[in-house]
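**Student:** This one is entry-v7.pdb, PDB, C-alpha atoms, pLDDT in the B column.
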```pdb
ATOM      1  CA  MET A   1     -53.081 -23.865 -11.587  1.00 38.00           C
ATOM      2  CA  MET A   2     -52.225 -20.584 -13.375  1.00 40.00           C
ATOM      3  CA  ILE A   3     -49.459 -19.850 -10.838  1.00 39.00           C
ATOM      4  CA  MET A   4     -48.018 -23.305 -11.457  1.00 37.00           C
ATOM      5  CA  LYS A   5     -48.012 -22.782 -15.230  1.00 46.00           C
ATOM      6  CA  THR A   6     -46.346 -19.391 -14.849  1.00 44.00           C
ATOM      7  CA  ARG A   7     -43.643 -20.896 -12.661  1.00 43.00           C
ATOM      8  CA  THR A   8     -43.120 -23.625 -15.251  1.00 43.00           C
ATOM      9  CA  LYS A   9     -42.336 -21.005 -17.902  1.00 48.00           C
ATOM     10  CA  PHE A  10     -39.614 -19.405 -15.843  1.00 48.00           C
ATOM     11  CA  LEU A  11     -38.213 -22.704 -14.612  1.00 42.00           C
ATOM     12  CA  LEU A  12     -37.895 -23.912 -18.219  1.00 52.00           C
ATOM     13  CA  THR A  13     -36.049 -20.795 -19.306  1.00 47.00           C
ATOM     14  CA  GLY A  14     -33.973 -20.849 -16.118  1.00 52.00           C
ATOM     15  CA  ALA A  15     -32.955 -24.414 -16.862  1.00 44.00           C
ATOM     16  CA  LEU A  16     -31.702 -23.396 -20.308  1.00 49.00           C
ATOM     17  CA  LEU A  17     -29.687 -20.595 -18.725  1.00 48.00           C
ATOM     18  CA  SER A  18     -28.212 -22.897 -16.090  1.00 49.00           C
ATOM     19  CA  LEU A  19     -27.253 -25.491 -18.682  1.00 46.00           C
ATOM     20  CA  ALA A  20     -25.606 -22.863 -20.858  1.00 46.00           C
ATOM     21  CA  ALA A  21     -23.703 -21.419 -17.905  1.00 49.00           C
ATOM     22  CA  SER A  22     -22.520 -24.820 -16.685  1.00 46.00           C
ATOM     23  CA  SER A  23     -21.444 -25.786 -20.193  1.00 44.00           C
ATOM     24  CA  HIS A  24     -19.456 -22.583 -20.428  1.00 47.00           C
ATOM     25  CA  ALA A  25     -17.649 -23.498 -17.241  1.00 45.00           C
ATOM     26  CA  ALA A  26     -16.651 -26.882 -18.673  1.00 44.00           C
ATOM     27  CA  GLU A  27     -13.283 -27.112 -20.352  1.00 49.00           C
ATOM     28  CA  ASP A  28     -13.489 -25.636 -23.860  1.00 60.00           C
ATOM     29  CA  ASN A  29     -17.281 -26.204 -23.951  1.00 76.00           C
ATOM     30  CA  GLN A  30     -16.561 -29.438 -25.845  1.00 81.00           C
ATOM     31  CA  LEU A  31     -19.118 -32.188 -26.428  1.00 77.00           C
ATOM     32  CA  PHE A  32     -18.870 -34.876 -29.154  1.00 80.00           C
ATOM     33  CA  GLY A  33     -16.437 -32.735 -31.125  1.00 83.00           C
ATOM     34  CA  GLY A  34     -18.635 -29.635 -30.955  1.00 93.00           C
ATOM     35  CA  THR A  35     -19.236 -26.727 -28.597  1.00 96.00           C
ATOM     36  CA  ILE A  36     -22.197 -25.967 -26.339  1.00 96.00           C
ATOM     37  CA  ASN A  37     -23.579 -22.424 -26.509  1.00 95.00           C
ATOM     38  CA  GLY A  38     -26.499 -20.653 -24.900  1.00 96.00           C
ATOM     39  CA  ASN A  39     -28.455 -17.433 -25.231  1.00 97.00           C
ATOM     40  CA  VAL A  40     -31.033 -15.741 -23.017  1.00 98.00           C
ATOM     41  CA  ASN A  41     -33.221 -12.901 -24.309  1.00 98.00           C
ATOM     42  CA  PHE A  42     -35.565 -10.539 -22.460  1.00 98.00           C
ATOM     43  CA  ALA A  43     -37.924  -8.609 -24.745  1.00 98.00           C
ATOM     44  CA  SER A  44     -41.032  -6.440 -24.583  1.00 98.00           C
ATOM     45  CA  ASP A  45     -42.787  -8.745 -27.086  1.00 98.00           C
ATOM     46  CA  TYR A  46     -42.212 -11.814 -29.252  1.00 98.00           C
ATOM     47  CA  VAL A  47     -43.057 -10.946 -32.857  1.00 98.00           C
ATOM     48  CA  PHE A  48     -42.951 -13.742 -35.448  1.00 98.00           C
ATOM     49  CA  ARG A  49     -43.505 -12.775 -39.094  1.00 98.00           C
ATOM     50  CA  GLY A  50     -45.446  -9.697 -38.062  1.00 98.00           C
ATOM     51  CA  GLU A  51     -47.582 -11.463 -35.456  1.00 97.00           C
ATOM     52  CA  SER A  52     -47.369 -10.762 -31.729  1.00 98.00           C
ATOM     53  CA  GLU A  53     -47.048 -14.095 -29.943  1.00 98.00           C
ATOM     54  CA  THR A  54     -48.120 -12.444 -26.668  1.00 97.00           C
ATOM     55  CA  LEU A  55     -51.695 -11.389 -27.506  1.00 96.00           C
ATOM     56  CA  ASP A  56     -50.826  -7.910 -28.774  1.00 95.00           C
ATOM     57  CA  GLY A  57     -47.864  -7.389 -26.470  1.00 95.00           C
ATOM     58  CA  ASP A  58     -49.851  -8.185 -23.340  1.00 96.00           C
ATOM     59  CA  ILE A  59     -46.805  -9.637 -21.557  1.00 97.00           C
ATOM     60  CA  PRO A  60     -43.011  -9.432 -21.958  1.00 98.00           C
ATOM     61  CA  VAL A  61     -41.053 -12.553 -22.853  1.00 98.00           C
ATOM     62  CA  ILE A  62     -38.088 -14.493 -21.531  1.00 98.00           C
ATOM     63  CA  GLN A  63     -36.505 -16.719 -24.169  1.00 98.00           C
ATOM     64  CA  GLY A  64     -33.678 -19.210 -24.027  1.00 97.00           C
ATOM     65  CA  THR A  65     -31.673 -21.144 -26.603  1.00 98.00           C
ATOM     66  CA  LEU A  66     -29.248 -23.984 -25.919  1.00 97.00           C
ATOM     67  CA  SER A  67     -27.311 -25.347 -28.902  1.00 97.00           C
ATOM     68  CA  TRP A  68     -24.518 -27.689 -29.929  1.00 97.00           C
ATOM     69  CA  ASN A  69     -22.350 -26.583 -32.868  1.00 96.00           C
ATOM     70  CA  HIS A  70     -19.769 -28.663 -34.738  1.00 96.00           C
ATOM     71  CA  ASN A  71     -16.910 -27.168 -36.747  1.00 93.00           C
ATOM     72  CA  GLN A  72     -18.133 -29.064 -39.826  1.00 95.00           C
ATOM     73  CA  GLY A  73     -21.348 -27.051 -39.759  1.00 96.00           C
ATOM     74  CA  TRP A  74     -23.707 -29.455 -38.025  1.00 97.00           C
ATOM     75  CA  TYR A  75     -25.759 -28.060 -35.158  1.00 98.00           C
ATOM     76  CA  ALA A  76     -28.725 -28.942 -32.939  1.00 98.00           C
ATOM     77  CA  GLY A  77     -30.510 -27.430 -29.998  1.00 98.00           C
ATOM     78  CA  VAL A  78     -33.708 -26.200 -28.441  1.00 98.00           C
ATOM     79  CA  PHE A  79     -35.414 -22.800 -28.194  1.00 98.00           C
ATOM     80  CA  SER A  80     -38.059 -21.933 -25.608  1.00 98.00           C
ATOM     81  CA  SER A  81     -40.243 -18.894 -24.944  1.00 98.00           C
ATOM     82  CA  ASN A  82     -43.337 -17.965 -23.009  1.00 98.00           C
ATOM     83  CA  ILE A  83     -46.250 -16.946 -25.263  1.00 98.00           C
ATOM     84  CA  LYS A  84     -49.885 -15.859 -24.915  1.00 97.00           C
ATOM     85  CA  PHE A  85     -52.818 -16.456 -27.269  1.00 94.00           C
ATOM     86  CA  ALA A  86     -56.590 -16.399 -27.043  1.00 92.00           C
ATOM     87  CA  ASP A  87     -56.312 -20.163 -26.479  1.00 95.00           C
ATOM     88  CA  PRO A  88     -55.333 -20.391 -22.764  1.00 95.00           C
ATOM     89  CA  ASN A  89     -53.465 -23.662 -23.403  1.00 97.00           C
ATOM     90  CA  LEU A  90     -50.890 -21.862 -25.544  1.00 97.00           C
ATOM     91  CA  GLU A  91     -48.496 -20.595 -22.889  1.00 97.00           C
ATOM     92  CA  ILE A  92     -45.110 -22.006 -23.883  1.00 97.00           C
ATOM     93  CA  VAL A  93     -43.406 -22.890 -27.150  1.00 98.00           C
ATOM     94  CA  THR A  94     -40.475 -25.312 -27.012  1.00 97.00           C
ATOM     95  CA  ALA A  95     -38.730 -25.752 -30.325  1.00 98.00           C
ATOM     96  CA  PRO A  96     -36.046 -28.395 -30.941  1.00 98.00           C
ATOM     97  CA  PHE A  97     -34.007 -27.918 -34.106  1.00 98.00           C
ATOM     98  CA  ILE A  98     -31.254 -29.592 -36.119  1.00 98.00           C
ATOM     99  CA  GLY A  99     -29.381 -28.349 -39.154  1.00 98.00           C
ATOM    100  CA  LYS A 100     -26.285 -27.954 -41.288  1.00 98.00           C
ATOM    101  CA  ALA A 101     -24.612 -24.700 -42.331  1.00 98.00           C
ATOM    102  CA  GLY A 102     -21.644 -24.067 -44.595  1.00 98.00           C
ATOM    103  CA  GLU A 103     -20.330 -22.562 -47.811  1.00 98.00           C
ATOM    104  CA  PHE A 104     -20.724 -23.626 -51.428  1.00 97.00           C
ATOM    105  CA  GLY A 105     -17.058 -24.376 -52.139  1.00 96.00           C
ATOM    106  CA  ASP A 106     -15.044 -21.144 -52.190  1.00 95.00           C
ATOM    107  CA  SER A 107     -17.842 -19.104 -53.769  1.00 96.00           C
ATOM    108  CA  GLY A 108     -18.537 -16.977 -50.714  1.00 96.00           C
ATOM    109  CA  PHE A 109     -22.183 -18.050 -50.856  1.00 98.00           C
ATOM    110  CA  THR A 110     -23.362 -19.683 -47.647  1.00 98.00           C
ATOM    111  CA  TYR A 111     -26.188 -22.099 -46.965  1.00 98.00           C
ATOM    112  CA  ASP A 112     -28.188 -23.098 -43.894  1.00 98.00           C
ATOM    113  CA  VAL A 113     -30.679 -25.991 -43.835  1.00 98.00           C
ATOM    114  CA  MET A 114     -32.634 -26.527 -40.619  1.00 98.00           C
ATOM    115  CA  LEU A 115     -35.608 -28.538 -39.346  1.00 98.00           C
ATOM    116  CA  PHE A 116     -37.423 -26.524 -36.678  1.00 98.00           C
ATOM    117  CA  SER A 117     -40.384 -27.968 -34.741  1.00 98.00           C
ATOM    118  CA  TYR A 118     -42.847 -25.789 -32.837  1.00 98.00           C
ATOM    119  CA  LEU A 119     -44.086 -27.793 -29.832  1.00 98.00           C
ATOM    120  CA  TYR A 120     -46.755 -26.433 -27.497  1.00 98.00           C
ATOM    121  CA  PRO A 121     -46.995 -28.285 -24.148  1.00 96.00           C
ATOM    122  CA  GLY A 122     -50.671 -28.613 -23.234  1.00 91.00           C
ATOM    123  CA  ALA A 123     -51.723 -27.725 -26.788  1.00 97.00           C
ATOM    124  CA  SER A 124     -50.119 -30.426 -28.939  1.00 97.00           C
ATOM    125  CA  TYR A 125     -52.894 -29.998 -31.520  1.00 97.00           C
ATOM    126  CA  SER A 126     -51.023 -26.852 -32.653  1.00 98.00           C
ATOM    127  CA  ASN A 127     -47.621 -28.526 -33.130  1.00 98.00           C
ATOM    128  CA  TYR A 128     -45.969 -28.275 -36.540  1.00 98.00           C
ATOM    129  CA  THR A 129     -42.556 -28.344 -38.241  1.00 98.00           C
ATOM    130  CA  GLU A 130     -40.846 -26.167 -40.837  1.00 98.00           C
ATOM    131  CA  LEU A 131     -37.830 -26.714 -43.087  1.00 98.00           C
ATOM    132  CA  TRP A 132     -35.733 -23.523 -43.102  1.00 98.00           C
ATOM    133  CA  LEU A 133     -33.654 -23.033 -46.265  1.00 98.00           C
ATOM    134  CA  LYS A 134     -31.278 -20.073 -46.463  1.00 98.00           C
ATOM    135  CA  VAL A 135     -28.554 -18.889 -48.813  1.00 98.00           C
ATOM    136  CA  GLY A 136     -26.464 -15.803 -48.151  1.00 98.00           C
ATOM    137  CA  LYS A 137     -23.527 -13.673 -49.267  1.00 98.00           C
ATOM    138  CA  GLN A 138     -21.250 -11.221 -47.470  1.00 98.00           C
ATOM    139  CA  PHE A 139     -20.468  -7.957 -49.295  1.00 97.00           C
ATOM    140  CA  GLY A 140     -17.891  -6.205 -47.163  1.00 97.00           C
ATOM    141  CA  ARG A 141     -19.811  -4.990 -44.107  1.00 98.00           C
ATOM    142  CA  ALA A 142     -23.146  -5.869 -45.704  1.00 98.00           C
ATOM    143  CA  ASN A 143     -24.834  -9.243 -45.707  1.00 98.00           C
ATOM    144  CA  LEU A 144     -27.863 -10.503 -47.607  1.00 98.00           C
ATOM    145  CA  GLN A 145     -29.766 -13.732 -46.989  1.00 98.00           C
ATOM    146  CA  LEU A 146     -32.642 -15.305 -48.890  1.00 98.00           C
ATOM    147  CA  GLU A 147     -35.009 -17.553 -46.946  1.00 98.00           C
ATOM    148  CA  ILE A 148     -37.542 -20.081 -48.214  1.00 98.00           C
ATOM    149  CA  THR A 149     -39.262 -21.933 -45.391  1.00 98.00           C
ATOM    150  CA  PRO A 150     -42.017 -24.467 -46.184  1.00 98.00           C
ATOM    151  CA  THR A 151     -44.061 -26.315 -43.585  1.00 98.00           C
ATOM    152  CA  VAL A 152     -43.437 -30.061 -43.350  1.00 98.00           C
ATOM    153  CA  ASP A 153     -46.891 -30.840 -41.940  1.00 98.00           C
ATOM    154  CA  ASP A 154     -50.141 -28.938 -41.268  1.00 98.00           C
ATOM    155  CA  TRP A 155     -49.450 -25.286 -40.398  1.00 98.00           C
ATOM    156  CA  PHE A 156     -50.176 -24.630 -36.707  1.00 96.00           C
ATOM    157  CA  GLY A 157     -52.014 -27.958 -36.683  1.00 95.00           C
ATOM    158  CA  VAL A 158     -54.831 -26.760 -38.948  1.00 97.00           C
ATOM    159  CA  ASP A 159     -55.940 -29.674 -41.123  1.00 96.00           C
ATOM    160  CA  GLY A 160     -55.018 -29.163 -44.781  1.00 97.00           C
ATOM    161  CA  TRP A 161     -53.212 -25.843 -44.296  1.00 98.00           C
ATOM    162  CA  HIS A 162     -49.663 -25.507 -45.588  1.00 98.00           C
ATOM    163  CA  GLY A 163     -47.362 -22.525 -45.712  1.00 98.00           C
ATOM    164  CA  VAL A 164     -44.167 -21.230 -47.270  1.00 98.00           C
ATOM    165  CA  ASN A 165     -42.411 -18.151 -45.920  1.00 98.00           C
ATOM    166  CA  TYR A 166     -40.338 -16.176 -48.439  1.00 98.00           C
ATOM    167  CA  ALA A 167     -38.048 -13.507 -47.028  1.00 98.00           C
ATOM    168  CA  LEU A 168     -34.975 -11.351 -47.598  1.00 98.00           C
ATOM    169  CA  HIS A 169     -32.735 -10.481 -44.641  1.00 98.00           C
ATOM    170  CA  PRO A 170     -30.288  -7.619 -45.314  1.00 98.00           C
ATOM    171  CA  SER A 171     -27.901  -6.249 -42.680  1.00 98.00           C
ATOM    172  CA  TYR A 172     -25.003  -3.819 -42.396  1.00 98.00           C
ATOM    173  CA  SER A 173     -22.405  -3.446 -39.612  1.00 98.00           C
ATOM    174  CA  PHE A 174     -20.856  -0.032 -38.920  1.00 98.00           C
ATOM    175  CA  ASP A 175     -17.357   0.719 -37.598  1.00 97.00           C
ATOM    176  CA  ASN A 176     -18.767   1.712 -34.191  1.00 96.00           C
ATOM    177  CA  GLY A 177     -20.340  -1.729 -33.670  1.00 97.00           C
ATOM    178  CA  VAL A 178     -23.890  -0.676 -34.488  1.00 98.00           C
ATOM    179  CA  LYS A 179     -25.680  -3.111 -36.780  1.00 98.00           C
ATOM    180  CA  ILE A 180     -28.755  -2.309 -38.828  1.00 98.00           C
ATOM    181  CA  SER A 181     -30.777  -5.299 -39.987  1.00 98.00           C
ATOM    182  CA  ALA A 182     -34.144  -5.919 -41.572  1.00 98.00           C
ATOM    183  CA  SER A 183     -36.457  -8.582 -42.960  1.00 98.00           C
ATOM    184  CA  VAL A 184     -39.000  -8.317 -45.748  1.00 98.00           C
ATOM    185  CA  GLY A 185     -41.165 -11.340 -46.375  1.00 98.00           C
ATOM    186  CA  TYR A 186     -44.415 -12.964 -47.353  1.00 98.00           C
ATOM    187  CA  GLN A 187     -46.022 -15.830 -45.454  1.00 98.00           C
ATOM    188  CA  ASP A 188     -47.902 -17.797 -48.086  1.00 98.00           C
ATOM    189  CA  LEU A 189     -50.700 -19.933 -46.697  1.00 98.00           C
ATOM    190  CA  THR A 190     -52.855 -22.416 -48.621  1.00 98.00           C
ATOM    191  CA  GLY A 191     -55.909 -24.461 -47.642  1.00 97.00           C
ATOM    192  CA  ASP A 192     -59.629 -23.888 -47.137  1.00 96.00           C
ATOM    193  CA  ASP A 193     -60.211 -20.242 -46.085  1.00 94.00           C
ATOM    194  CA  ALA A 194     -56.456 -19.652 -45.754  1.00 97.00           C
ATOM    195  CA  GLU A 195     -54.790 -16.370 -46.724  1.00 97.00           C
ATOM    196  CA  GLY A 196     -51.169 -15.232 -46.608  1.00 98.00           C
ATOM    197  CA  TRP A 197     -49.712 -11.915 -45.519  1.00 98.00           C
ATOM    198  CA  GLY A 198     -46.695  -9.688 -45.946  1.00 98.00           C
ATOM    199  CA  HIS A 199     -44.448  -8.788 -43.013  1.00 98.00           C
ATOM    200  CA  TRP A 200     -41.330  -6.729 -42.412  1.00 98.00           C
ATOM    201  CA  ASN A 201     -39.116  -5.348 -39.663  1.00 98.00           C
ATOM    202  CA  ILE A 202     -36.106  -3.075 -39.304  1.00 98.00           C
ATOM    203  CA  GLY A 203     -33.934  -2.425 -36.296  1.00 98.00           C
ATOM    204  CA  LEU A 204     -30.649  -1.434 -34.716  1.00 98.00           C
ATOM    205  CA  SER A 205     -28.511  -3.561 -32.405  1.00 98.00           C
ATOM    206  CA  LYS A 206     -25.376  -2.885 -30.404  1.00 98.00           C
ATOM    207  CA  ALA A 207     -23.311  -4.824 -27.851  1.00 97.00           C
ATOM    208  CA  TYR A 208     -22.397  -3.196 -24.516  1.00 95.00           C
ATOM    209  CA  TYR A 209     -20.519  -4.933 -21.695  1.00 94.00           C
ATOM    210  CA  GLY A 210     -21.381  -8.406 -22.927  1.00 95.00           C
ATOM    211  CA  LEU A 211     -25.064  -7.632 -23.504  1.00 98.00           C
ATOM    212  CA  ASN A 212     -26.717  -7.135 -26.889  1.00 98.00           C
ATOM    213  CA  PHE A 213     -29.400  -4.443 -27.156  1.00 98.00           C
ATOM    214  CA  ASP A 214     -31.920  -4.513 -30.001  1.00 98.00           C
ATOM    215  CA  LEU A 215     -34.547  -1.922 -30.955  1.00 98.00           C
ATOM    216  CA  ARG A 216     -36.865  -3.075 -33.754  1.00 98.00           C
ATOM    217  CA  TYR A 217     -39.974  -1.912 -35.611  1.00 98.00           C
ATOM    218  CA  HIS A 218     -42.395  -4.568 -36.914  1.00 98.00           C
ATOM    219  CA  ALA A 219     -45.259  -4.240 -39.406  1.00 98.00           C
ATOM    220  CA  SER A 220     -47.460  -6.384 -41.666  1.00 98.00           C
ATOM    221  CA  THR A 221     -50.134  -6.200 -44.371  1.00 97.00           C
ATOM    222  CA  VAL A 222     -52.839  -7.880 -42.245  1.00 97.00           C
ATOM    223  CA  ASP A 223     -56.029  -5.836 -41.958  1.00 94.00           C
ATOM    224  CA  SER A 224     -59.547  -6.322 -40.556  1.00 91.00           C
ATOM    225  CA  ASP A 225     -60.643  -8.218 -43.684  1.00 92.00           C
ATOM    226  CA  HIS A 226     -58.025 -10.951 -43.365  1.00 95.00           C
ATOM    227  CA  LYS A 227     -59.592 -14.405 -43.709  1.00 94.00           C
ATOM    228  CA  VAL A 228     -57.480 -15.961 -40.960  1.00 93.00           C
ATOM    229  CA  TYR A 229     -57.076 -13.158 -38.432  1.00 92.00           C
ATOM    230  CA  GLY A 230     -60.113 -10.965 -39.092  1.00 86.00           C
ATOM    231  CA  THR A 231     -61.352 -11.253 -35.496  1.00 84.00           C
ATOM    232  CA  GLN A 232     -58.016 -10.481 -33.850  1.00 88.00           C
ATOM    233  CA  THR A 233     -55.950  -8.393 -36.247  1.00 93.00           C
ATOM    234  CA  GLU A 234     -54.640  -6.262 -33.375  1.00 95.00           C
ATOM    235  CA  ILE A 235     -51.915  -8.882 -32.881  1.00 97.00           C
ATOM    236  CA  PHE A 236     -50.530  -7.671 -36.237  1.00 97.00           C
ATOM    237  CA  ASP A 237     -50.514  -3.965 -35.333  1.00 96.00           C
ATOM    238  CA  ASP A 238     -47.298  -2.069 -36.034  1.00 98.00           C
ATOM    239  CA  ARG A 239     -45.107  -2.142 -32.942  1.00 98.00           C
ATOM    240  CA  VAL A 240     -41.677  -1.389 -31.525  1.00 98.00           C
ATOM    241  CA  VAL A 241     -39.907  -4.159 -29.610  1.00 98.00           C
ATOM    242  CA  ILE A 242     -36.971  -3.713 -27.231  1.00 98.00           C
ATOM    243  CA  GLY A 243     -34.764  -6.702 -26.454  1.00 98.00           C
ATOM    244  CA  ILE A 244     -31.710  -7.414 -24.283  1.00 98.00           C
ATOM    245  CA  SER A 245     -29.825 -10.666 -24.758  1.00 98.00           C
ATOM    246  CA  LYS A 246     -26.764 -12.423 -23.373  1.00 97.00           C
ATOM    247  CA  SER A 247     -24.794 -15.208 -25.038  1.00 95.00           C
ATOM    248  CA  PHE A 248     -22.679 -17.809 -23.242  1.00 91.00           C
TER
END
```
Rewrite the coordinates I just gave you, this time as structure tokens.

**Tutor:**
Amino acid sequence: MMIMKTRTKFLLTGALLSLAASSHAAEDNQLFGGTINGNVNFASDYVFRGESETLDGDIPVIQGTLSWNHNQGWYAGVFSSNIKFADPNLEIVTAPFIGKAGEFGDSGFTYDVMLFSYLYPGASYSNYTELWLKVGKQFGRANLQLEITPTVDDWFGVDGWHGVNYALHPSYSFDNGVKISASVGYQDLTGDDAEGWGHWNIGLSKAYYGLNFDLRYHASTVDSDHKVYGTQTEIFDDRVVIGISKSF
């Protein structure tokens, strides 16, 4: 059974890659007035708001994204990744999303509004959805984005728990193609025995021969007294993550 589940993870990601590649081969990647794009990422860990989604980096991850993007700013798609938690049923996350991005007139300020659902095959009791709200501004080679992301339903399926993630995402691109980017945020969490936490990361990325390389340091404020994660705070340990991705 475990071998079958492991194969399912790679088949799912492989399917995303195949779809992206076949779409790229189609004339102009056109579909319903938009374009089909794909991305595959190999990384030493999957860190989400300071938390290792692979049980403290126990396994590497293969992630895939397939998306449709319209020139009027509408987009939709699906993200998938293997994961690992203490709950053995949490082995894959498949996340469909839909959104709209654009600019506020000619102000130079951008917006991005997206519904993003976290679906866990075999562990549907953990499913939940967030509404991602972002505004941003380009300042020459620098960019700054503000994110406010509330949950739409119970956070991670826990009855009565709701969250809002607040974050700033600054970045700067150098002449040599190196990009430095970071995130500083706070995951607010409310409900019985709930407690939020701060999280941040900083990293460098660079494209070589069609591949994007990313080296990133992650950290958080979670300690052994945290109400939610007190028994497994090692998944919030500071860590360095290496990733290699390819877009189609």

**Student:** Any idea what the distance is between CA of Thr35 (chain A) and CA of Lys206 (chain A)?

**Tutor:**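 Pair CA of Thr35 (chain A) / CA of Lys206 (chain A) returns 24.7 Å.
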
**Student:** Please provide the set of residues having any atom within 7 Å of region 159-167 of chain A, restricted to all atoms listed in the file, with same-chain residues fewer than 2 positions apart removed, written as a PyMOL selection string.

**Tutor:** chain A and resi 146-151+154-155+157+169+183-191

**Student:** To verify the selection step, state as a PyMOL selection string which residues the PyMOL selection byres ((chain A and resi 128) around 8) yields on this input.

**Tutor:** chain A and resi 117-119+126-127+129-130+151-157

**Student:** When the PyMOL selection byres ((chain A and resi 62) around 6) is applied to the file above, which residues end up in the set, as a VMD selection string?

**Tutor:** chain A and resid 41 to 42 61 63 81

**Student:** If we count all atoms listed in the file and set the cut-off at 9 Å, which residues sit around Asp238 (chain A), ignoring sequence neighbours fewer than 3 positions away in its own chain? Please answer as number ranges by chain.

**Tutor:** A: 50, 217-220, 234-235

**Student:** Using the chain letters and numbering of this document, enumerate as a VMD selection string the residues selected by the PyMOL selection byres ((chain A and resi 133) around 8).

**Tutor:** chain A and resid 111 to 114 131 to 132 134 to 135 147 to 149
